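Structure file target.txt (compact mmCIF, C-alpha atoms and all ligand atoms) follows.
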```
# COMPACT_ATOMS: atom_id res chain seq x y z
CA MET A 1 171.99 -104.56 17.35
CA PRO A 2 173.88 -107.67 18.35
CA PHE A 3 177.41 -107.61 19.66
CA THR A 4 179.38 -110.82 19.70
CA ILE A 5 182.82 -111.80 20.87
CA GLU A 6 184.51 -114.65 19.09
CA ILE A 7 187.90 -116.23 18.82
CA GLY A 8 189.19 -116.36 15.27
CA ASP A 9 191.18 -114.73 12.49
CA ILE A 10 189.75 -111.41 11.37
CA THR A 11 191.00 -111.82 7.80
CA ASN A 12 188.45 -114.62 7.37
CA GLU A 13 185.48 -112.53 8.46
CA VAL A 14 182.74 -112.32 5.89
CA CYS A 15 181.16 -108.98 6.70
CA ASP A 16 180.78 -105.42 5.45
CA ALA A 17 183.90 -104.10 7.15
CA ILE A 18 186.83 -105.35 9.17
CA VAL A 19 188.88 -102.96 11.24
CA ASN A 20 192.65 -102.86 10.92
CA ALA A 21 194.94 -102.00 13.82
CA ALA A 22 197.22 -99.86 11.69
CA ASN A 23 199.98 -97.31 12.34
CA ASN A 24 200.08 -93.57 11.56
CA THR A 25 201.53 -94.12 8.07
CA LEU A 26 198.77 -96.55 7.03
CA LEU A 27 201.41 -98.21 4.89
CA GLY A 28 201.21 -101.64 6.47
CA GLY A 29 203.23 -103.38 9.16
CA GLY A 30 203.15 -106.57 11.21
CA GLY A 31 200.41 -108.24 13.29
CA VAL A 32 196.86 -107.93 12.10
CA ASP A 33 197.88 -105.07 9.78
CA GLY A 34 200.37 -107.35 8.01
CA ALA A 35 197.83 -110.18 7.75
CA ILE A 36 195.17 -107.87 6.31
CA HIS A 37 197.50 -106.37 3.69
CA LYS A 38 198.82 -109.80 2.74
CA LYS A 39 195.37 -111.22 2.11
CA ALA A 40 193.88 -108.07 0.54
CA GLY A 41 196.69 -107.78 -2.01
CA LYS A 42 198.83 -104.93 -3.33
CA GLU A 43 195.91 -102.74 -4.34
CA LEU A 44 195.13 -102.12 -0.68
CA LEU A 45 198.55 -100.58 -0.15
CA GLU A 46 198.06 -98.43 -3.26
CA GLU A 47 194.80 -97.05 -1.90
CA CYS A 48 196.36 -96.54 1.54
CA LYS A 49 199.21 -94.50 0.04
CA ALA A 50 196.68 -91.94 -1.14
CA LEU A 51 195.15 -91.49 2.32
CA GLY A 52 197.97 -89.40 3.78
CA GLY A 53 198.27 -91.34 7.02
CA CYS A 54 195.96 -91.27 10.01
CA LYS A 55 196.13 -89.74 13.47
CA THR A 56 196.03 -91.88 16.59
CA GLY A 57 192.43 -92.47 17.68
CA ARG A 58 191.06 -91.68 14.22
CA ALA A 59 189.99 -93.94 11.33
CA LYS A 60 190.04 -94.07 7.52
CA ILE A 61 188.34 -96.44 5.12
CA THR A 62 189.42 -98.36 2.00
CA LYS A 63 188.00 -101.15 -0.08
CA GLY A 64 188.56 -104.77 1.00
CA TYR A 65 189.99 -106.05 -2.30
CA ASN A 66 190.75 -109.79 -1.96
CA LEU A 67 189.43 -109.97 1.58
CA PRO A 68 185.93 -111.38 2.10
CA CYS A 69 184.73 -107.99 3.31
CA ARG A 70 183.65 -104.90 1.40
CA TYR A 71 185.72 -102.40 3.37
CA VAL A 72 188.72 -102.16 5.63
CA ILE A 73 188.54 -99.45 8.27
CA HIS A 74 192.05 -98.50 9.31
CA THR A 75 192.40 -97.09 12.79
CA VAL A 76 195.50 -96.25 14.78
CA GLY A 77 195.54 -97.30 18.41
CA PRO A 78 197.71 -95.67 21.07
CA VAL A 79 201.06 -97.15 22.06
CA TRP A 80 200.80 -98.22 25.71
CA ARG A 81 203.04 -96.01 27.83
CA GLY A 82 201.88 -97.00 31.28
CA GLY A 83 198.34 -95.66 31.10
CA LYS A 84 198.91 -92.02 31.98
CA PHE A 85 199.10 -90.70 28.43
CA ASN A 86 195.43 -90.65 27.51
CA GLU A 87 195.70 -94.18 26.19
CA GLU A 88 192.21 -95.24 27.25
CA ASN A 89 190.45 -92.29 25.58
CA LEU A 90 192.48 -92.73 22.42
CA LEU A 91 191.70 -96.44 22.31
CA LYS A 92 188.02 -95.81 22.93
CA SER A 93 188.07 -93.24 20.15
CA CYS A 94 189.43 -95.88 17.71
CA TYR A 95 186.28 -97.96 18.22
CA ILE A 96 183.90 -95.01 18.11
CA GLU A 97 185.48 -93.41 15.04
CA SER A 98 185.54 -96.77 13.24
CA LEU A 99 181.86 -97.38 14.03
CA LYS A 100 180.95 -93.88 12.85
CA LEU A 101 182.75 -94.52 9.58
CA ALA A 102 181.03 -97.91 9.25
CA GLU A 103 177.70 -96.18 9.76
CA LYS A 104 178.55 -93.53 7.17
CA TYR A 105 179.23 -96.30 4.65
CA SER A 106 176.01 -98.12 5.60
CA CYS A 107 177.84 -101.16 6.96
CA LYS A 108 175.59 -103.65 8.69
CA SER A 109 178.36 -105.86 10.04
CA VAL A 110 181.76 -104.85 11.39
CA ALA A 111 184.52 -106.98 12.91
CA PHE A 112 187.20 -105.54 15.21
CA PRO A 113 190.49 -106.99 16.38
CA LEU A 114 191.77 -106.04 19.82
CA ILE A 115 193.31 -102.74 18.80
CA SER A 116 196.67 -101.86 20.43
CA ALA A 117 196.83 -105.20 22.21
CA GLY A 118 199.79 -106.52 20.21
CA ALA A 119 202.83 -104.53 19.06
CA TYR A 120 201.47 -101.43 20.82
CA ASN A 121 201.59 -103.31 24.12
CA TYR A 122 198.23 -102.32 25.63
CA PRO A 123 197.60 -104.92 28.38
CA LYS A 124 195.25 -107.38 26.71
CA ALA A 125 192.61 -107.60 29.42
CA GLU A 126 192.49 -103.80 29.64
CA ALA A 127 192.33 -103.46 25.85
CA PHE A 128 189.47 -105.94 25.90
CA ARG A 129 187.62 -104.03 28.63
CA VAL A 130 187.93 -100.74 26.74
CA ALA A 131 186.82 -102.41 23.50
CA VAL A 132 183.70 -103.95 25.00
CA LYS A 133 182.80 -100.77 26.84
CA ALA A 134 183.29 -98.53 23.79
CA ILE A 135 181.31 -100.80 21.47
CA THR A 136 178.41 -101.37 23.85
CA GLU A 137 178.21 -97.68 24.72
CA TYR A 138 178.09 -96.80 21.04
CA LEU A 139 175.44 -99.41 20.26
CA ASN A 140 173.31 -98.33 23.18
CA ILE A 141 173.06 -94.79 21.84
CA PHE A 142 171.10 -95.98 18.83
CA ASP A 143 167.66 -97.45 18.69
CA ASP A 144 167.44 -97.55 14.93
CA TYR A 145 170.93 -98.07 13.59
CA ASP A 146 170.98 -101.78 13.02
CA ILE A 147 174.57 -102.96 13.01
CA TYR A 148 176.12 -106.26 13.96
CA VAL A 149 179.47 -105.86 15.70
CA LYS A 150 181.93 -108.63 16.36
CA LEU A 151 185.09 -108.45 18.43
CA VAL A 152 187.52 -111.04 17.09
CA ILE A 153 190.07 -112.31 19.58
CA TYR A 154 192.96 -113.83 17.68
CA ASN A 155 192.97 -117.59 17.85
CA THR A 156 196.62 -117.82 18.79
CA GLU A 157 196.22 -115.47 21.75
CA ASN A 158 197.75 -117.24 24.72
CA LEU A 159 195.27 -118.93 26.99
CA THR A 160 196.11 -116.92 30.08
CA ASP A 161 195.06 -113.80 28.20
CA VAL A 162 191.86 -115.39 27.00
CA GLU A 163 191.12 -116.55 30.52
CA SER A 164 191.69 -113.09 31.95
CA MET A 165 189.35 -111.66 29.34
CA ARG A 166 186.76 -114.19 30.30
CA LEU A 167 187.08 -113.24 33.94
CA LEU A 168 186.86 -109.64 32.95
CA VAL A 169 183.59 -110.23 31.19
CA LYS A 170 182.19 -110.93 34.63
CA ASP A 171 183.55 -107.66 35.99
CA ILE A 172 182.44 -105.32 33.30
CA ASP A 173 179.26 -103.53 34.36
CA TYR A 174 177.44 -104.48 31.21
CA PHE A 175 178.16 -108.14 31.61
CA THR A 176 177.55 -108.70 35.28
CA ALA A 177 175.10 -111.45 34.59
CA MET A 178 177.46 -113.31 32.33
CA SER A 179 180.17 -115.86 32.85
CA VAL A 180 181.55 -118.42 30.51
CA ALA A 181 180.84 -121.32 32.82
CA ASP A 182 177.51 -120.25 34.07
CA SER A 183 175.18 -118.10 32.09
CA ASN A 184 171.98 -116.75 33.47
CA PRO A 185 171.42 -113.67 31.35
CA GLY A 186 169.37 -110.84 32.62
CA GLU A 187 168.79 -112.44 35.99
CA ASN A 188 171.15 -110.35 38.09
CA ASN A 189 171.36 -107.46 35.75
CA ARG A 190 168.11 -105.96 34.65
CA LYS A 191 169.92 -102.98 33.25
CA PHE A 192 171.26 -104.90 30.30
CA LEU A 193 170.21 -108.22 28.92
CA TYR A 194 172.86 -110.36 27.38
CA GLU A 195 172.26 -113.77 26.06
CA ARG A 196 175.16 -116.10 25.65
CA ASN A 197 174.50 -117.83 22.43
CA ARG A 198 177.05 -120.60 22.52
CA VAL A 199 180.30 -121.49 24.20
CA LYS A 200 182.63 -123.91 22.48
CA ASN A 201 185.93 -124.94 24.08
CA ASP A 202 187.88 -121.73 23.83
CA THR A 203 185.16 -119.76 22.07
CA MET A 204 183.42 -116.91 23.79
CA TYR A 205 180.27 -115.96 22.03
CA PHE A 206 177.99 -113.37 23.48
CA TYR A 207 174.98 -111.59 22.18
CA CYS A 208 174.23 -108.13 23.35
CA MET A 209 170.60 -107.37 22.61
CA SER A 210 170.86 -103.79 23.60
CA ASP A 211 167.71 -102.59 21.87
CA LEU A 212 165.64 -105.52 23.09
CA GLU A 213 167.14 -105.05 26.52
CA LYS A 214 166.09 -101.39 26.57
CA LYS A 215 162.55 -102.34 25.68
CA LEU A 216 162.51 -104.99 28.39
CA HIS A 217 163.89 -102.52 30.87
CA ASN A 218 161.10 -100.10 30.04
CA ALA A 219 158.46 -102.82 30.11
CA SER A 220 155.30 -101.48 31.63
CA GLU A 221 153.56 -102.63 34.77
CA THR A 222 152.69 -106.32 34.96
CA PHE A 223 149.32 -107.69 36.04
CA SER A 224 150.64 -108.49 39.51
CA GLU A 225 152.13 -105.00 39.91
CA MET A 226 149.00 -103.22 38.73
CA LEU A 227 146.81 -105.37 40.96
CA MET A 228 148.88 -104.58 44.06
CA ARG A 229 148.92 -100.89 43.16
CA LYS A 230 145.16 -100.79 42.73
CA ILE A 231 144.58 -102.58 46.03
CA SER A 232 146.67 -100.00 47.82
CA GLU A 233 145.10 -97.07 45.92
CA LYS A 234 141.61 -98.32 46.83
CA LYS A 235 142.80 -98.67 50.44
CA MET A 236 141.52 -102.21 50.43
CA SER A 237 142.97 -105.06 52.46
CA ALA A 238 144.38 -107.97 50.48
CA SER A 239 141.94 -110.43 52.02
CA GLU A 240 138.98 -108.18 51.25
CA CYS A 241 140.15 -108.02 47.66
CA TYR A 242 140.64 -111.73 47.00
CA LYS A 243 137.48 -112.71 48.86
CA ARG A 244 135.37 -110.23 46.89
CA ALA A 245 136.98 -111.64 43.73
CA ASN A 246 136.03 -115.19 44.68
CA ILE A 247 139.74 -116.08 44.63
CA SER A 248 141.60 -118.21 47.17
CA ARG A 249 144.33 -116.84 49.40
CA LYS A 250 146.72 -119.38 47.85
CA LEU A 251 146.19 -118.07 44.33
CA PHE A 252 146.37 -114.49 45.54
CA SER A 253 149.77 -115.13 47.20
CA LYS A 254 151.01 -116.76 44.03
CA ILE A 255 150.07 -113.67 42.03
CA LYS A 256 151.53 -111.33 44.64
CA ASN A 257 154.86 -113.17 44.77
CA ASP A 258 155.35 -113.51 41.03
CA ARG A 259 155.47 -110.16 39.25
CA CYS A 260 155.18 -111.93 35.89
CA TYR A 261 152.27 -114.19 36.86
CA LYS A 262 149.98 -114.87 33.91
CA PRO A 263 146.40 -115.09 35.19
CA SER A 264 143.39 -116.44 33.32
CA LYS A 265 141.00 -113.87 31.85
CA ALA A 266 138.36 -114.90 34.41
CA THR A 267 140.79 -114.15 37.24
CA VAL A 268 141.61 -110.70 35.86
CA LEU A 269 137.94 -109.85 35.48
CA ALA A 270 137.18 -111.15 38.96
CA PHE A 271 139.75 -108.75 40.40
CA ALA A 272 138.37 -105.91 38.27
CA ILE A 273 134.95 -106.52 39.83
CA SER A 274 136.42 -106.84 43.30
CA LEU A 275 138.32 -103.56 42.90
CA ARG A 276 135.26 -101.83 41.42
CA LEU A 277 137.23 -100.71 38.40
CA SER A 278 135.68 -98.66 35.61
CA VAL A 279 135.46 -100.12 32.09
CA GLU A 280 138.61 -98.20 31.09
CA GLU A 281 140.51 -99.39 34.15
CA THR A 282 139.37 -102.95 33.53
CA GLU A 283 140.61 -102.72 29.96
CA LYS A 284 144.02 -101.62 31.25
CA LEU A 285 144.15 -104.46 33.76
CA LEU A 286 143.19 -106.93 31.04
CA GLN A 287 145.96 -105.53 28.86
CA THR A 288 148.65 -106.23 31.46
CA ALA A 289 147.81 -109.91 31.13
CA GLY A 290 147.51 -109.83 27.34
CA TYR A 291 143.68 -109.80 27.15
CA ALA A 292 140.99 -107.45 25.92
CA PHE A 293 137.21 -107.24 26.06
CA SER A 294 135.64 -108.96 23.12
CA ASN A 295 132.39 -107.70 21.59
CA SER A 296 131.53 -111.13 20.31
CA THR A 297 131.89 -113.13 23.51
CA HIS A 298 128.77 -113.42 25.65
CA SER A 299 130.64 -113.52 28.94
CA ASP A 300 132.63 -110.37 28.07
CA ILE A 301 129.46 -108.51 27.02
CA ILE A 302 127.73 -109.51 30.28
CA ILE A 303 130.66 -108.53 32.50
CA LYS A 304 131.26 -105.26 30.68
CA TYR A 305 127.54 -104.47 31.02
CA PHE A 306 127.65 -105.02 34.80
CA ILE A 307 130.83 -102.93 35.15
CA SER A 308 129.37 -100.08 33.10
CA LYS A 309 126.31 -100.13 35.40
CA LYS A 310 128.67 -100.10 38.41
CA ASN A 311 127.14 -103.30 39.66
CA TYR A 312 130.06 -105.14 41.26
CA ASP A 313 128.23 -108.03 42.88
CA ILE A 314 130.27 -110.99 41.69
CA TYR A 315 127.67 -113.52 42.81
CA LYS A 316 124.97 -111.75 40.80
CA ILE A 317 127.29 -111.59 37.77
CA ASN A 318 128.09 -115.28 38.13
CA GLU A 319 124.40 -116.09 38.36
CA ILE A 320 123.78 -114.40 35.01
CA LEU A 321 126.88 -115.97 33.49
CA PHE A 322 125.64 -119.34 34.68
CA SER A 323 122.21 -118.80 33.19
CA PHE A 324 123.85 -118.13 29.81
CA GLY A 325 126.03 -121.22 30.17
CA GLU A 326 129.17 -119.11 30.46
CA LYS A 327 132.29 -119.69 32.55
CA LEU A 328 131.99 -118.09 35.99
CA LEU A 329 134.30 -115.42 37.38
CA GLY A 330 136.85 -116.19 40.07
CA GLU A 331 139.00 -119.19 40.52
N1 LIG B 1 192.93 -111.64 13.50
C1 LIG B 1 192.53 -111.11 14.66
N2 LIG B 1 193.38 -110.57 15.54
C2 LIG B 1 194.71 -110.57 15.22
C3 LIG B 1 195.19 -111.10 14.02
C4 LIG B 1 194.23 -111.65 13.13
N3 LIG B 1 194.59 -112.18 11.96
N4 LIG B 1 196.53 -110.95 14.00
C5 LIG B 1 196.88 -110.37 15.17
N5 LIG B 1 195.78 -110.14 15.90
P1 LIG B 1 198.69 -105.83 16.51
P2 LIG B 1 198.54 -103.13 17.61
C6 LIG B 1 195.64 -109.54 17.22
O1 LIG B 1 200.09 -105.96 16.90
O2 LIG B 1 198.89 -103.63 18.95
C7 LIG B 1 201.38 -103.33 13.32
O3 LIG B 1 202.69 -103.53 12.89
C8 LIG B 1 196.86 -109.52 18.09
O4 LIG B 1 197.05 -110.78 18.73
O5 LIG B 1 198.30 -106.35 15.20
O6 LIG B 1 197.44 -102.15 17.49
C9 LIG B 1 200.82 -102.00 12.83
O7 LIG B 1 201.34 -101.63 11.57
C10 LIG B 1 196.50 -108.44 19.07
O8 LIG B 1 195.67 -108.93 20.11
O9 LIG B 1 198.21 -104.29 16.55
C11 LIG B 1 201.23 -101.08 13.90
O10 LIG B 1 202.56 -100.62 13.71
C12 LIG B 1 195.69 -107.46 18.22
O11 LIG B 1 195.34 -108.17 17.05
C13 LIG B 1 201.16 -101.91 15.14
O12 LIG B 1 201.33 -103.24 14.73
C14 LIG B 1 196.45 -106.21 17.84
O13 LIG B 1 197.80 -106.52 17.63
C15 LIG B 1 199.82 -101.80 15.80
O14 LIG B 1 199.86 -102.50 17.01
```
Mind turning this structure into structure tokens?
Amino acid sequence: MPFTIEIGDITNEVCDAIVNAANNTLLGGGGVDGAIHKKAGKELLEECKALGGCKTGRAKITKGYNLPCRYVIHTVGPVWRGGKFNEENLLKSCYIESLKLAEKYSCKSVAFPLISAGAYNYPKAEAFRVAVKAITEYLNIFDDYDIYVKLVIYNTENLTDVESMRLLVKDIDYFTAMSVADSNPGENNRKFLYERNRVKNDTMYFYCMSDLEKKLHNASETFSEMLMRKISEKKMSASECYKRANISRKLFSKIKNDRCYKPSKATVLAFAISLRLSVEETEKLLQTAGYAFSNSTHSDIIIKYFISKKNYDIYKINEILFSFGEKLLGE
């Protein structure tokens, strides 16, 4: 479920639905509303007339007519009156209600303008913050609903506004790892992973991989983590463990200090022997590093045999491995 932010003109968006920042009458007006009606043609106004208006914070849908989108979702943002008149909730509701409607009509791609940020005077940076928050919150609720959402910042927006939105991106919880000048997604913020796809002059372009991010966040124990846990569970000292595994202190420290360290299969098995793991436990340790026992590999059959017999003498195992011309355990 990607979420992107781009600078452009929403009437050019080729997607399932674009969202219109309309007024309560739904009979057209200026700004993005005017541009949408102009490009869609008279039929849009005819369909809008039959809708009976729309309440602030709610949304209604029509066809796209001459626009390069299938639908137009008309939503009515709040007029900014200083911020104490429920403006934020109403604005948030515009995004949520529009996305619900998009979902109802099976839209896979939806483009939003910055609702209320023009004639309705909502401070642009604030309108941007609410928009990003509402959209990301909505997308994060769903694991399955696969929708691509784009926030289109008008290309004639003055640069100070664009700059303040950029700065804001850094402040918003969800985007803490992001900045236009320096992107290092996911590094500082393991809660959400965002990948900046491209940045062109005045173009902000972000990807929010919320579903992927969730999976990464819930990623299970790594090899390094499981190894350290097992050592402590077995009440073994680190040196006892790496020595019994025929592994150097240097390699052990490397594994300990890098939670994502990718060991060789021989190293994993050496630690399994050292920790006196059962076959099942060894299988789990192998899994953390992306390996499994093979029934067609001599070395795996030999090692598994020793483990199942609870014979954890690594030198004995290596002797047998050697006699079969197999790679030895350990470093
Ligand atoms: N593409 C993308 N964004 C646009 C475009 C465009 N083509 N044109 C303007 N914007 P506004 P509101 C931006 O005033 O504040 C209408 O008369 C614009 O720069 O269109 O919700 C309605 O009929 C601004 O950032 O909508 C209502 O009466 C944002 O879209 C009233 O205005 C919204 O500006 C609604 O006011």
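Straight-line separation from CA of Leu139 in chain A to CA of Ile61 in chain A: 20.1 Å.
Candidate residues A:Ala134, A:Leu44, A:Leu328, A:Ala119 were compared for distance to ligand LIG 1 (chain B), and the nearest is A:Ala119, using only C-alpha atoms and all ligand atoms.
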Edge lengths and centre in Å to one decimal, as lines of an AutoDock Vina configuration file, is what I'm after for the box along x, y and z that holds all listed atoms of ligand LIG 1 (chain B) once 4 Å is added on each side.
```
center_x = 197.6
center_y = -106.4
center_z = 15.8
size_x = 18.2
size_y = 19.6
size_z = 16.5
```
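For ligand LIG 1 (chain B), the neighbouring protein, DNA and RNA residues, which are those within 6 Å when all atoms listed in the file are counted, are Asp9, Ile10, Thr11, Ala21, Ala22, Asn23, Gly28, Gly29, Gly30, Gly31, Val32, Asp33, Ala35, Gly77, Pro113, Leu114, Ile115, Ser116, Ala117, Gly118, Ala119, Tyr120, Asn121, Val152, Ile153, Tyr154 and Glu157 of chain A.
Between CA of Ala40 in chain A and CA of Val110 in chain A there is a distance of 16.6 Å.
Here CA of Ile302 in chain A and CA of Cys241 in chain A stand 21.4 Å from one another.
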So that I can see what lies close to range 250-258 of chain A, please list as a CSV table (one decimal) with C-alpha atoms, keeping the file's coordinate frame the residues with an atom at most 12 Å from it, counting all atoms listed in the file and leaving out residues fewer than 3 positions away in the same chain.
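What follows is the written file out-v4.csv:
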```
chain,number,residue,atom,x,y,z
A,222,THR,CA,152.7,-106.3,35.0
A,223,PHE,CA,149.3,-107.7,36.0
A,224,SER,CA,150.6,-108.5,39.5
A,225,GLU,CA,152.1,-105.0,39.9
A,226,MET,CA,149.0,-103.2,38.7
A,227,LEU,CA,146.8,-105.4,41.0
A,228,MET,CA,148.9,-104.6,44.1
A,229,ARG,CA,148.9,-100.9,43.2
A,231,ILE,CA,144.6,-102.6,46.0
A,238,ALA,CA,144.4,-108.0,50.5
A,239,SER,CA,141.9,-110.4,52.0
A,240,GLU,CA,139.0,-108.2,51.2
A,241,CYS,CA,140.2,-108.0,47.7
A,242,TYR,CA,140.6,-111.7,47.0
A,243,LYS,CA,137.5,-112.7,48.9
A,244,ARG,CA,135.4,-110.2,46.9
A,245,ALA,CA,137.0,-111.6,43.7
A,246,ASN,CA,136.0,-115.2,44.7
A,247,ILE,CA,139.7,-116.1,44.6
A,261,TYR,CA,152.3,-114.2,36.9
A,262,LYS,CA,150.0,-114.9,33.9
A,263,PRO,CA,146.4,-115.1,35.2
A,264,SER,CA,143.4,-116.4,33.3
A,267,THR,CA,140.8,-114.2,37.2
A,268,VAL,CA,141.6,-110.7,35.9
A,270,ALA,CA,137.2,-111.2,39.0
A,271,PHE,CA,139.8,-108.8,40.4
A,289,ALA,CA,147.8,-109.9,31.1
A,330,GLY,CA,136.8,-116.2,40.1
A,331,GLU,CA,139.0,-119.2,40.5
```
For range 46-50 of chain A, list every protein, DNA or RNA residue within 9 Å, evaluated using only C-alpha atoms, and leave out those in the same chain fewer than 6 positions away; present the list as a count of residues only.
7
For Thr4 in chain A, which residue among A:Leu91, A:Ile147, A:Ile320, A:Leu286 is the nearest when counting all atoms listed in the file?
A:Ile147
